[in-house]
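Everything below belongs to model.txt, which stores compact mmCIF, C-alpha atoms and all ligand atoms.
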# COMPACT_ATOMS: atom_id res chain seq x y z
CA MET A 10 -59.71 -101.51 29.22
CA GLU A 11 -59.04 -97.86 28.37
CA ASN A 12 -61.79 -97.81 25.79
CA ASN A 13 -64.26 -99.52 28.04
CA THR A 14 -63.75 -96.83 30.66
CA VAL A 15 -64.82 -94.16 28.22
CA ILE A 16 -67.95 -96.07 27.28
CA THR A 17 -68.85 -96.66 30.89
CA ASP A 18 -68.49 -92.96 31.59
CA ASN A 19 -70.78 -92.20 28.71
CA GLN A 20 -73.33 -94.73 29.91
CA LYS A 21 -73.23 -93.19 33.36
CA LEU A 22 -73.69 -89.77 31.89
CA LEU A 23 -76.68 -91.11 29.99
CA SER A 24 -78.50 -92.46 32.97
CA GLU A 25 -77.61 -89.65 35.36
CA ASN A 26 -78.50 -86.69 33.29
CA ILE A 27 -80.49 -87.82 30.32
CA ILE A 28 -82.68 -84.83 29.85
CA ALA A 29 -79.75 -82.43 29.95
CA LEU A 30 -78.30 -84.25 26.95
CA TYR A 31 -80.91 -82.79 24.65
CA GLY A 32 -79.52 -79.40 23.84
CA LYS A 33 -81.28 -76.20 22.91
CA ARG A 34 -81.73 -77.54 19.40
CA SER A 35 -84.46 -79.97 20.35
CA ARG A 36 -87.56 -79.50 22.36
CA ASP A 37 -87.53 -81.27 25.67
CA TYR A 38 -89.50 -84.37 24.84
CA GLN A 39 -91.51 -84.15 28.04
CA GLN A 40 -92.95 -80.86 26.81
CA ILE A 41 -94.72 -82.76 24.07
CA ASN A 42 -98.02 -84.22 25.18
CA LEU A 43 -97.42 -87.47 23.36
CA TYR A 44 -94.26 -88.10 25.40
CA LYS A 45 -94.95 -86.29 28.66
CA ASP A 46 -95.15 -89.49 30.73
CA VAL A 47 -92.19 -91.27 29.15
CA ASN A 48 -89.58 -92.38 31.63
CA PRO A 49 -86.10 -91.09 30.62
CA LEU A 50 -84.76 -94.63 30.83
CA ASP A 51 -87.38 -95.78 28.32
CA TRP A 52 -86.46 -92.84 26.12
CA GLU A 53 -82.87 -94.05 26.19
CA ASP A 54 -83.88 -97.61 25.28
CA TRP A 55 -83.47 -98.15 21.53
CA ARG A 56 -86.15 -100.87 21.51
CA TRP A 57 -88.60 -98.45 23.09
CA GLN A 58 -87.69 -95.92 20.40
CA VAL A 59 -88.31 -98.46 17.62
CA LYS A 60 -91.53 -99.75 19.14
CA ASN A 61 -92.85 -96.23 19.52
CA ARG A 62 -92.01 -94.95 16.08
CA ILE A 63 -94.50 -92.53 14.63
CA THR A 64 -96.32 -94.19 11.76
CA LYS A 65 -99.78 -92.58 11.86
CA LEU A 66 -101.17 -89.21 10.99
CA ASP A 67 -102.84 -88.64 14.36
CA GLN A 68 -99.51 -89.29 16.13
CA ILE A 69 -97.40 -86.92 14.07
CA ALA A 70 -100.17 -84.32 14.27
CA GLN A 71 -99.47 -84.16 18.01
CA VAL A 72 -95.86 -83.24 17.35
CA VAL A 73 -96.09 -80.84 14.39
CA LYS A 74 -98.71 -78.68 12.71
CA LEU A 75 -99.14 -80.61 9.44
CA THR A 76 -99.56 -78.91 6.08
CA PRO A 77 -102.24 -80.22 3.65
CA GLN A 78 -99.36 -81.45 1.44
CA GLU A 79 -98.00 -83.52 4.32
CA GLU A 80 -101.42 -84.87 5.28
CA GLU A 81 -101.94 -86.08 1.74
CA GLY A 82 -98.44 -87.59 1.66
CA ILE A 83 -98.94 -89.51 4.90
CA LYS A 84 -102.36 -90.84 3.84
CA SER A 85 -101.06 -92.12 0.52
CA ALA A 86 -97.66 -93.48 1.65
CA LYS A 87 -98.56 -97.10 2.25
CA GLY A 88 -96.60 -100.34 2.04
CA ARG A 89 -92.96 -99.72 1.23
CA MET A 90 -91.47 -96.51 2.51
CA ALA A 91 -94.43 -95.67 4.69
CA MET A 92 -93.71 -93.06 7.32
CA ALA A 93 -91.69 -94.24 10.33
CA ILE A 94 -90.08 -91.68 12.62
CA THR A 95 -88.30 -92.40 15.89
CA PRO A 96 -89.50 -90.27 18.82
CA TYR A 97 -85.88 -89.05 19.14
CA TRP A 98 -86.02 -87.66 15.59
CA ALA A 99 -89.58 -86.36 15.99
CA VAL A 100 -88.65 -83.99 18.80
CA LEU A 101 -85.85 -82.48 16.69
CA ILE A 102 -88.50 -81.29 14.22
CA ASP A 103 -89.46 -77.63 14.19
CA ALA A 104 -93.22 -77.87 14.76
CA GLU A 105 -94.00 -74.56 13.09
CA ASP A 106 -91.70 -74.67 10.07
CA PRO A 107 -92.74 -76.90 7.13
CA ASN A 108 -89.27 -76.30 5.64
CA CYS A 109 -87.44 -77.64 8.70
CA PRO A 110 -84.68 -79.89 7.30
CA ILE A 111 -85.31 -82.56 9.94
CA ARG A 112 -88.99 -82.55 9.08
CA ARG A 113 -88.62 -82.69 5.31
CA GLN A 114 -86.45 -85.80 5.48
CA ALA A 115 -89.02 -87.67 7.57
CA ILE A 116 -92.58 -86.61 6.78
CA PRO A 117 -93.91 -87.67 3.35
CA THR A 118 -95.55 -85.05 1.16
CA ALA A 119 -97.81 -85.28 -1.88
CA ASN A 120 -94.70 -84.44 -3.97
CA GLU A 121 -93.63 -88.08 -3.64
CA PHE A 122 -96.43 -89.09 -5.98
CA GLN A 123 -95.15 -86.93 -8.82
CA VAL A 124 -92.85 -88.92 -11.05
CA GLY A 125 -90.47 -86.92 -13.22
CA PRO A 126 -89.47 -87.86 -16.78
CA HIS A 127 -86.00 -89.24 -15.95
CA GLU A 128 -86.89 -90.89 -12.68
CA MET A 129 -86.49 -94.63 -12.17
CA VAL A 130 -87.36 -97.39 -9.72
CA ASP A 131 -83.73 -98.57 -9.54
CA PRO A 132 -81.71 -95.55 -10.71
CA CYS A 133 -78.27 -97.02 -10.01
CA GLY A 134 -79.09 -100.26 -11.84
CA GLU A 135 -78.31 -102.31 -8.74
CA ASP A 136 -80.67 -105.14 -9.59
CA ASN A 137 -78.67 -105.80 -12.81
CA ASP A 138 -75.41 -106.18 -10.86
CA SER A 139 -76.74 -108.66 -8.34
CA PRO A 140 -75.06 -112.10 -8.56
CA ALA A 141 -76.88 -113.38 -5.43
CA PRO A 142 -79.83 -112.19 -3.36
CA HIS A 143 -78.98 -109.14 -1.21
CA LEU A 144 -75.60 -108.71 -2.94
CA ILE A 145 -74.47 -106.08 -5.45
CA HIS A 146 -71.14 -106.55 -7.19
CA ARG A 147 -70.20 -103.55 -9.30
CA TYR A 148 -66.52 -102.87 -8.67
CA PRO A 149 -63.71 -105.40 -9.08
CA ASP A 150 -62.61 -105.73 -5.46
CA ARG A 151 -65.66 -104.89 -3.35
CA VAL A 152 -69.29 -105.73 -2.86
CA LEU A 153 -72.33 -104.20 -1.26
CA LEU A 154 -74.36 -106.49 0.99
CA LEU A 155 -77.91 -105.36 1.69
CA ALA A 156 -78.27 -106.95 5.11
CA THR A 157 -81.82 -105.83 5.88
CA GLU A 158 -84.71 -103.90 4.40
CA ALA A 159 -85.48 -102.10 7.64
CA CYS A 160 -84.25 -98.75 8.93
CA ALA A 161 -84.82 -96.83 12.14
CA MET A 162 -86.43 -94.08 10.06
CA TYR A 163 -87.45 -93.96 6.41
CA CYS A 164 -85.77 -91.01 4.73
CA ARG A 165 -88.05 -89.52 2.12
CA HIS A 166 -85.15 -89.24 -0.37
CA CYS A 167 -84.17 -92.92 -0.06
CA THR A 168 -82.44 -94.28 -3.14
CA ARG A 169 -83.55 -97.86 -2.32
CA ARG A 170 -87.21 -97.18 -1.76
CA ARG A 171 -87.93 -100.09 -4.10
CA LEU A 172 -86.59 -102.42 -1.39
CA VAL A 173 -86.75 -100.62 1.89
CA GLY A 174 -89.39 -100.30 4.56
CA ASN A 175 -91.63 -103.21 3.79
CA GLU A 176 -92.35 -103.58 7.47
CA GLU A 177 -95.12 -106.16 6.94
CA ARG A 178 -92.60 -108.79 5.94
CA SER A 179 -90.60 -109.00 9.13
CA GLU A 180 -87.20 -110.43 8.29
CA THR A 181 -84.87 -109.52 11.10
CA SER A 182 -84.24 -112.96 12.57
CA SER A 183 -83.60 -115.33 9.66
CA ASN A 184 -79.90 -115.30 8.92
CA ASN A 185 -79.55 -118.06 6.36
CA LYS A 186 -80.88 -115.66 3.73
CA TRP A 187 -77.26 -114.49 3.19
CA ASP A 188 -75.93 -117.96 2.42
CA ALA A 189 -75.85 -117.47 -1.36
CA ALA A 190 -74.21 -114.04 -0.97
CA LEU A 191 -71.59 -115.48 1.40
CA ASP A 192 -70.92 -118.36 -1.00
CA TYR A 193 -70.38 -115.86 -3.80
CA ILE A 194 -67.95 -113.79 -1.71
CA ARG A 195 -66.14 -116.94 -0.57
CA SER A 196 -65.67 -118.18 -4.12
CA ASN A 197 -64.60 -114.83 -5.56
CA LYS A 198 -61.11 -114.20 -4.24
CA LYS A 199 -60.90 -110.74 -5.74
CA ILE A 200 -63.40 -109.44 -3.21
CA ARG A 201 -61.39 -107.87 -0.41
CA ASP A 202 -63.91 -105.28 0.83
CA VAL A 203 -67.49 -105.91 1.94
CA LEU A 204 -69.75 -102.96 2.59
CA ILE A 205 -72.71 -103.97 4.74
CA SER A 206 -75.65 -101.67 4.23
CA GLY A 207 -79.37 -102.02 3.62
CA GLY A 208 -81.68 -100.76 5.03
CA ASP A 209 -79.66 -100.22 8.15
CA PRO A 210 -77.54 -103.14 9.42
CA LEU A 211 -77.41 -101.66 12.92
CA ILE A 212 -81.16 -102.22 13.25
CA LEU A 213 -80.52 -105.99 13.19
CA GLU A 214 -80.52 -107.99 16.39
CA GLU A 215 -77.04 -108.19 17.84
CA GLU A 216 -76.78 -112.00 17.46
CA VAL A 217 -77.81 -111.79 13.82
CA LEU A 218 -75.23 -109.13 12.98
CA ASP A 219 -72.63 -110.94 15.06
CA ASP A 220 -73.24 -114.11 13.05
CA LEU A 221 -72.98 -112.27 9.73
CA LEU A 222 -69.73 -110.52 10.73
CA LYS A 223 -68.28 -113.78 12.00
CA LYS A 224 -69.02 -115.50 8.69
CA LEU A 225 -67.52 -112.64 6.69
CA ARG A 226 -64.40 -112.52 8.88
CA SER A 227 -63.89 -116.24 8.35
CA ILE A 228 -63.36 -115.61 4.62
CA SER A 229 -59.61 -115.11 4.31
CA SER A 230 -59.78 -112.97 1.16
CA VAL A 231 -62.01 -110.38 2.87
CA GLU A 232 -59.64 -107.79 4.32
CA PHE A 233 -61.90 -104.90 4.93
CA LEU A 234 -65.37 -104.56 6.42
CA ARG A 235 -67.54 -101.49 6.36
CA LEU A 236 -70.94 -100.64 7.77
CA GLY A 237 -73.26 -98.07 6.21
CA THR A 238 -75.72 -96.74 8.78
CA ARG A 239 -77.88 -93.83 9.82
CA VAL A 240 -78.52 -95.09 13.33
CA PRO A 241 -76.14 -92.65 15.10
CA VAL A 242 -78.31 -89.89 13.58
CA THR A 243 -81.85 -91.25 13.73
CA LEU A 244 -81.58 -93.64 16.70
CA PRO A 245 -78.35 -92.89 18.62
CA GLN A 246 -79.65 -94.95 21.57
CA ARG A 247 -78.88 -98.02 19.45
CA ILE A 248 -75.14 -97.49 19.93
CA THR A 249 -74.88 -99.36 23.21
CA GLU A 250 -71.92 -100.67 25.11
CA SER A 251 -72.94 -104.20 24.20
CA LEU A 252 -73.22 -103.43 20.46
CA VAL A 253 -69.81 -101.76 20.44
CA THR A 254 -68.25 -104.68 22.32
CA MET A 255 -69.66 -107.10 19.75
CA LEU A 256 -68.44 -105.01 16.79
CA LYS A 257 -64.96 -104.72 18.27
CA LYS A 258 -64.46 -108.46 17.85
CA TYR A 259 -64.46 -107.91 14.09
CA ALA A 260 -62.28 -104.79 13.90
CA PRO A 261 -61.15 -103.16 11.75
CA ILE A 262 -64.57 -102.00 10.64
CA TRP A 263 -65.00 -98.62 9.00
CA ILE A 264 -68.37 -96.99 9.53
CA SER A 265 -70.05 -94.59 7.11
CA ILE A 266 -72.80 -92.52 8.65
CA HIS A 267 -75.51 -90.71 6.68
CA PHE A 268 -75.55 -87.10 7.96
CA ASN A 269 -77.35 -84.40 5.99
CA HIS A 270 -77.70 -81.30 8.15
CA PRO A 271 -75.89 -79.59 11.05
CA LYS A 272 -79.05 -79.89 13.17
CA GLU A 273 -78.57 -83.66 13.15
CA ILE A 274 -75.40 -83.26 15.18
CA THR A 275 -76.91 -83.20 18.65
CA LYS A 276 -75.28 -83.86 21.99
CA ARG A 277 -76.91 -87.28 21.85
CA SER A 278 -75.64 -88.19 18.39
CA LYS A 279 -72.18 -86.96 19.43
CA ILE A 280 -72.20 -89.46 22.30
CA ALA A 281 -73.05 -92.26 19.87
CA CYS A 282 -70.20 -91.21 17.55
CA ASP A 283 -67.79 -90.83 20.48
CA MET A 284 -68.55 -94.36 21.63
CA LEU A 285 -67.73 -95.67 18.15
CA SER A 286 -64.60 -93.55 17.74
CA ASP A 287 -63.31 -94.31 21.22
CA SER A 288 -63.63 -98.00 20.40
CA GLY A 289 -61.47 -97.61 17.33
CA PHE A 290 -63.96 -97.48 14.48
CA PRO A 291 -62.98 -94.85 11.90
CA LEU A 292 -66.08 -92.81 11.01
CA GLY A 293 -66.94 -91.24 7.67
CA SER A 294 -70.01 -89.38 6.51
CA GLN A 295 -72.12 -89.71 3.41
CA THR A 296 -74.38 -86.78 2.66
CA VAL A 297 -77.12 -86.54 0.06
CA LEU A 298 -77.44 -83.14 -1.56
CA LEU A 299 -81.07 -82.13 -0.99
CA GLN A 300 -82.88 -79.07 -2.24
CA GLY A 301 -83.96 -76.81 0.61
CA VAL A 302 -82.21 -79.02 3.17
CA ASN A 303 -78.47 -78.62 2.59
CA ASP A 304 -78.08 -77.03 -0.84
CA ARG A 305 -76.52 -73.79 0.46
CA PRO A 306 -72.72 -73.67 0.67
CA TYR A 307 -72.73 -72.18 4.18
CA ILE A 308 -74.91 -75.03 5.49
CA MET A 309 -72.68 -77.67 3.93
CA ARG A 310 -69.59 -75.93 5.28
CA LYS A 311 -71.10 -75.86 8.75
CA LEU A 312 -72.08 -79.55 8.46
CA MET A 313 -68.60 -80.63 7.37
CA GLN A 314 -66.88 -78.57 10.07
CA GLU A 315 -69.22 -79.85 12.77
CA LEU A 316 -68.61 -83.42 11.59
CA LEU A 317 -64.86 -82.99 12.01
CA LYS A 318 -65.48 -81.79 15.56
CA ILE A 319 -67.18 -85.10 16.36
CA ARG A 320 -64.40 -87.04 14.56
CA VAL A 321 -66.43 -87.94 11.49
CA ARG A 322 -64.49 -87.47 8.25
CA PRO A 323 -66.66 -86.24 5.34
CA TYR A 324 -66.44 -88.92 2.63
CA TYR A 325 -69.03 -88.34 -0.09
CA ILE A 326 -71.69 -85.84 -1.09
CA TYR A 327 -74.12 -87.63 -3.38
CA GLN A 328 -76.14 -86.04 -6.09
CA CYS A 329 -79.71 -87.11 -5.20
CA ASP A 330 -80.36 -90.13 -7.42
CA PRO A 331 -83.24 -89.92 -9.90
CA VAL A 332 -85.49 -92.19 -7.84
CA ARG A 333 -89.22 -92.01 -8.59
CA GLY A 334 -90.91 -89.32 -6.51
CA THR A 335 -87.81 -87.43 -5.34
CA GLY A 336 -87.84 -84.53 -7.82
CA HIS A 337 -88.62 -82.05 -5.04
CA PHE A 338 -85.30 -82.96 -3.42
CA ARG A 339 -83.08 -82.80 -6.49
CA THR A 340 -80.86 -79.82 -7.32
CA PRO A 341 -79.01 -79.03 -10.54
CA VAL A 342 -75.51 -80.57 -10.63
CA SER A 343 -74.03 -77.05 -10.68
CA VAL A 344 -75.26 -76.59 -7.10
CA GLY A 345 -73.08 -79.48 -5.93
CA ILE A 346 -70.06 -78.30 -7.91
CA ASN A 347 -70.43 -74.83 -6.43
CA ILE A 348 -70.55 -76.30 -2.93
CA ILE A 349 -67.21 -78.02 -3.51
CA GLU A 350 -65.83 -74.79 -5.00
CA LYS A 351 -66.81 -73.01 -1.77
CA LEU A 352 -65.23 -75.69 0.42
CA ARG A 353 -61.91 -76.56 -1.24
CA GLY A 354 -59.23 -74.17 -0.07
CA HIS A 355 -61.67 -72.15 2.02
CA THR A 356 -61.71 -74.62 4.90
CA SER A 357 -59.78 -77.64 6.21
CA GLY A 358 -59.05 -80.17 3.50
CA TYR A 359 -60.46 -82.84 5.79
CA ALA A 360 -63.81 -81.04 5.59
CA VAL A 361 -64.01 -81.48 1.82
CA PRO A 362 -65.77 -84.67 0.69
CA THR A 363 -65.95 -85.91 -2.90
CA TYR A 364 -69.09 -84.95 -4.76
CA VAL A 365 -70.27 -87.91 -6.84
CA ILE A 366 -73.02 -88.85 -9.23
CA ASP A 367 -73.95 -92.51 -9.29
CA GLY A 368 -73.96 -93.21 -13.03
CA PRO A 369 -77.62 -93.94 -13.93
CA GLY A 370 -78.07 -97.56 -14.94
CA GLY A 371 -75.01 -98.83 -13.09
CA GLY A 372 -71.95 -96.65 -13.77
CA GLY A 373 -70.92 -96.47 -10.15
CA LYS A 374 -69.83 -93.32 -8.36
CA ILE A 375 -68.39 -90.72 -10.69
CA PRO A 376 -66.63 -87.73 -9.11
CA VAL A 377 -67.67 -84.31 -10.33
CA GLY A 378 -66.24 -81.03 -9.16
CA PRO A 379 -64.71 -77.71 -10.06
CA ASN A 380 -62.09 -77.77 -12.77
CA TYR A 381 -58.69 -76.56 -11.61
CA VAL A 382 -56.72 -77.52 -14.73
CA LEU A 383 -57.15 -74.64 -17.21
CA SER A 384 -54.92 -76.02 -19.90
CA GLN A 385 -52.41 -78.75 -20.43
CA ALA A 386 -49.66 -78.82 -23.03
CA LYS A 387 -46.36 -80.66 -23.32
CA GLY A 388 -44.53 -80.24 -20.03
CA LYS A 389 -46.87 -77.52 -18.84
CA TYR A 390 -49.99 -77.33 -16.74
CA VAL A 391 -51.92 -74.11 -16.31
CA LEU A 392 -53.83 -74.29 -13.05
CA ARG A 393 -56.05 -72.07 -11.01
CA ASN A 394 -56.25 -72.07 -7.24
CA TYR A 395 -59.32 -71.69 -5.00
CA ARG A 396 -59.15 -67.90 -5.45
CA SER A 397 -58.99 -68.28 -9.24
CA LYS A 398 -55.40 -67.04 -9.36
CA ILE A 399 -53.50 -68.66 -12.20
CA TYR A 400 -50.32 -70.69 -11.81
CA THR A 401 -48.12 -72.49 -14.28
CA TYR A 402 -46.50 -75.74 -13.31
CA LEU A 403 -43.60 -76.92 -15.46
CA GLU A 404 -42.85 -80.62 -15.52
C1 LIG B 1 -70.87 -97.11 -3.13
C2 LIG B 1 -70.74 -98.50 -3.53
C3 LIG B 1 -69.59 -99.23 -3.16
C4 LIG B 1 -68.45 -98.63 -2.38
O1 LIG B 1 -67.82 -97.62 -3.11
P1 LIG B 1 -66.57 -96.84 -2.51
O2 LIG B 1 -66.32 -95.74 -3.49
O3 LIG B 1 -65.46 -97.81 -2.39
O4 LIG B 1 -67.00 -96.31 -1.18
C5 LIG B 1 -69.51 -100.54 -3.56
N1 LIG B 1 -70.50 -101.11 -4.30
C6 LIG B 1 -71.59 -100.42 -4.67
C7 LIG B 1 -72.62 -101.10 -5.50
C8 LIG B 1 -71.75 -99.10 -4.29
O5 LIG B 1 -72.85 -98.43 -4.65

In structure tokens, how does this file's structure come out?
Amino acid sequence: MENNTVITDNQKLLSENIIALYGKRSRDYQQINLYKDVNPLDWEDWRWQVKNRITKLDQIAQVVKLTPQEEEGIKSAKGRMAMAITPYWAVLIDAEDPNCPIRRQAIPTANEFQVGPHEMVDPCGEDNDSPAPHLIHRYPDRVLLLATEACAMYCRHCTRRRLVGNEERSETSSNNKWDAALDYIRSNKKIRDVLISGGDPLILEEEVLDDLLKKLRSISSVEFLRLGTRVPVTLPQRITESLVTMLKKYAPIWISIHFNHPKEITKRSKIACDMLSDSGFPLGSQTVLLQGVNDRPYIMRKLMQELLKIRVRPYYIYQCDPVRGTGHFRTPVSVGINIIEKLRGHTSGYAVPTYVIDGPGGGGKIPVGPNYVLSQAKGKYVLRNYRSKIYTYLE
């Protein structure tokens, strides 16, 4: 009952004072011609947000002043990974700044059609580790279930662009497509952890996700469920009282949220995260290191500290996978190592995620970071601390 009270308060806050929720960081949506007549209750309706996603050049041109690079990108991005931007996300964009981090993650540019020498369609070799459709089994005790190919928004750096965003083939309602994956999990007793991702599982209809969670929970060897989502960031309206009530039936569920920039932490996304936290779902963040978006240590520090304030524990920073057409987002590995160097010891340990590279071809996540062990001999470790002062530890 306690938890429900909090949610109800949030819901009340939503309907009473919706416009005030959008802080100084975003333009009031009613100032934008495209949205000037939108009823605040529609704006708060996640289905309205999905139905009114920006997919066409003439729509986005009413929200931002497009560069020629962007115009070319939008015209050529067809089929999979075409542009799709929720109105909520669109109004967070800085209309004048082509380098706006919110904008660069959402609007395609001509750079996506340049394929670099080491870039691949399936950089993490997921298709080779797939024992059943929609299932990836790489580690001994856990699997990744790709529950849908749809997302609220298509991030331009997506590592699964080979699968994601094929909106033509609508697939949200058929839920026997997981039968083979469920059979595999059921028959493999070593699997104790199922990570449900996609696409974005929280874009599924509630009954469909409910059914999937119910089937997974009925497998006695599955101890641990996780959801990987970006909905609290790109479509926070989706976190409704009814969704949270449904998810609670299958607790414990850990939720990993894809956050990349401090600007994504709005009053509205905080409400979505609060609703999840207040209902007992532990929240983690997964961040992709992106050139020009979050590749400066002070931006990452700010992001991690702001995440802690909304009770999201930084989990991973990913090196941007060598997916075809993402070279303009990729940084040298040293940039990521330096970010960890500037976090560890300099701020709360809880604000320091693990920086990982997904081993190309299927190696899984490999941690990389600053080296604190300077030398190691029998019974003796020579270490440095975050200030590069040297200490000897005798065993
Ligand atoms: C990331 C990932 C997991 C989960 O890894 P953790 O380090 O446990 O979070 C599982 N399977 C695959 C294929 C993955 O890519």

key: Point-to-point distance in Å for atom CA of A:Glu128 and atom CA of A:Ile266   = 25.6 Å

ask   = Counting all atoms listed in the file, which protein, DNA or RNA residues come within 6 Å of ligand LIG 1 (chain B), given as a ChimeraX atom specification?
value = /A:145-147,151-153

query = Given the choices A:Ser286, A:Gln78, A:Asn61, A:Asn394, which gets closest to A:Ala119 if the distance is worked out from all atoms listed in the file?
reply =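 Closest residue, counting all atoms listed in the file: A:Gln78.
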
request  = Find the residues around A:Ala159 up to 7 Å (only C-alpha atoms counted), leave out those fewer than 6 positions away in its own chain, and share them as an NGL selection string.
outcome  = :A and (173-174 or 208-209)

message = Counting all atoms listed in the file, I want the residues whose atoms come within 12 Å of (-95.3, -92.4, -6.5) in the file frame, returned as an NGL selection string.
response = :A and (82 or 85-91 or 117-125 or 128-130 or 165 or 170-171 or 332-336)

request  = Would you please work out which residue, of A:Thr254, A:Ser227, A:Asn269, A:Thr363, is nearest to A:Cys164 when using only C-alpha atoms?
outcome  = A:Asn269

Give me the residues near A:Pro149 as a short mmCIF file (atom, residue, chain, number, x, y, z; two decimals) with C-alpha atoms, in the frame of the given file, where near means some atom within 10 Å (using only C-alpha atoms) and where sequence neighbours in that chain fewer than 6 positions away do not count.
data_model
loop_
_atom_site.label_atom_id
_atom_site.label_comp_id
_atom_site.auth_asym_id
_atom_site.auth_seq_id
_atom_site.Cartn_x
_atom_site.Cartn_y
_atom_site.Cartn_z
CA LYS A 199 -60.90 -110.74 -5.74
CA ILE A 200 -63.40 -109.44 -3.21
CA ARG A 201 -61.39 -107.87 -0.41
CA ASP A 202 -63.91 -105.28 0.83
#

request  = For A:Gly370, work out the shell of residues within 10 Å, counting only C-alpha atoms and skipping chain neighbours fewer than 4 positions away, then give it as a PyMOL selection string.
outcome  = chain A and resi 129+131-138

Among listed residues A:Arg112, A:Lys45, A:Lys389, A:His127, nearest A:Pro369 (using only C-alpha atoms) =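 Smallest separation from A:Pro369 among the options: A:His127.
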
inquiry  = What does the structure give for the distance between atom CA of A:Phe290 and atom CA of A:Ile205, in Å to one decimal?
reply    =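 Atom CA of A:Phe290 sits 14.6 Å away from atom CA of A:Ile205.
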
inquiry  = So the first atom is atom CA of A:Lys60 and the second is atom CA of A:Leu155; what is the distance between them in Å, to one decimal place?
reply    =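 Distance between the two atoms: 22.8 Å.
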
Up to 6 Å from (-68.4, -87.4, 16.9) in the file's coordinates: name the residues, counting all atoms listed in the file, as a PDB file with C-alpha atoms, in the frame of the given file.
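File written: point.pdb
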ATOM      1  CA  LYS A 279     -72.180 -86.960  19.430  1.00  0.00           C
ATOM      2  CA  CYS A 282     -70.200 -91.210  17.550  1.00  0.00           C
ATOM      3  CA  ASP A 283     -67.790 -90.830  20.480  1.00  0.00           C
ATOM      4  CA  ILE A 319     -67.180 -85.100  16.360  1.00  0.00           C
ATOM      5  CA  ARG A 320     -64.400 -87.040  14.560  1.00  0.00           C
ATOM      6  CA  VAL A 321     -66.430 -87.940  11.490  1.00  0.00           C
TER       7      VAL A 321
END

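In terms of minimum interatomic distance to A:Lys257, A:Lys223 ranks closest within A:His270, A:Arg277, A:Lys223, A:Lys398, counting only C-alpha atoms.
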
Report, as AutoDock Vina command-line options, the centre and edge lengths in Å (one decimal) of the axis-aligned box enclosing every listed atom of stretch 93-112 of chain A, padded by 6 Å on each side.
--center_x -89.3 --center_y -84.4 --center_z 12.4 --size_x 21.3 --size_y 31.7 --size_z 25.5
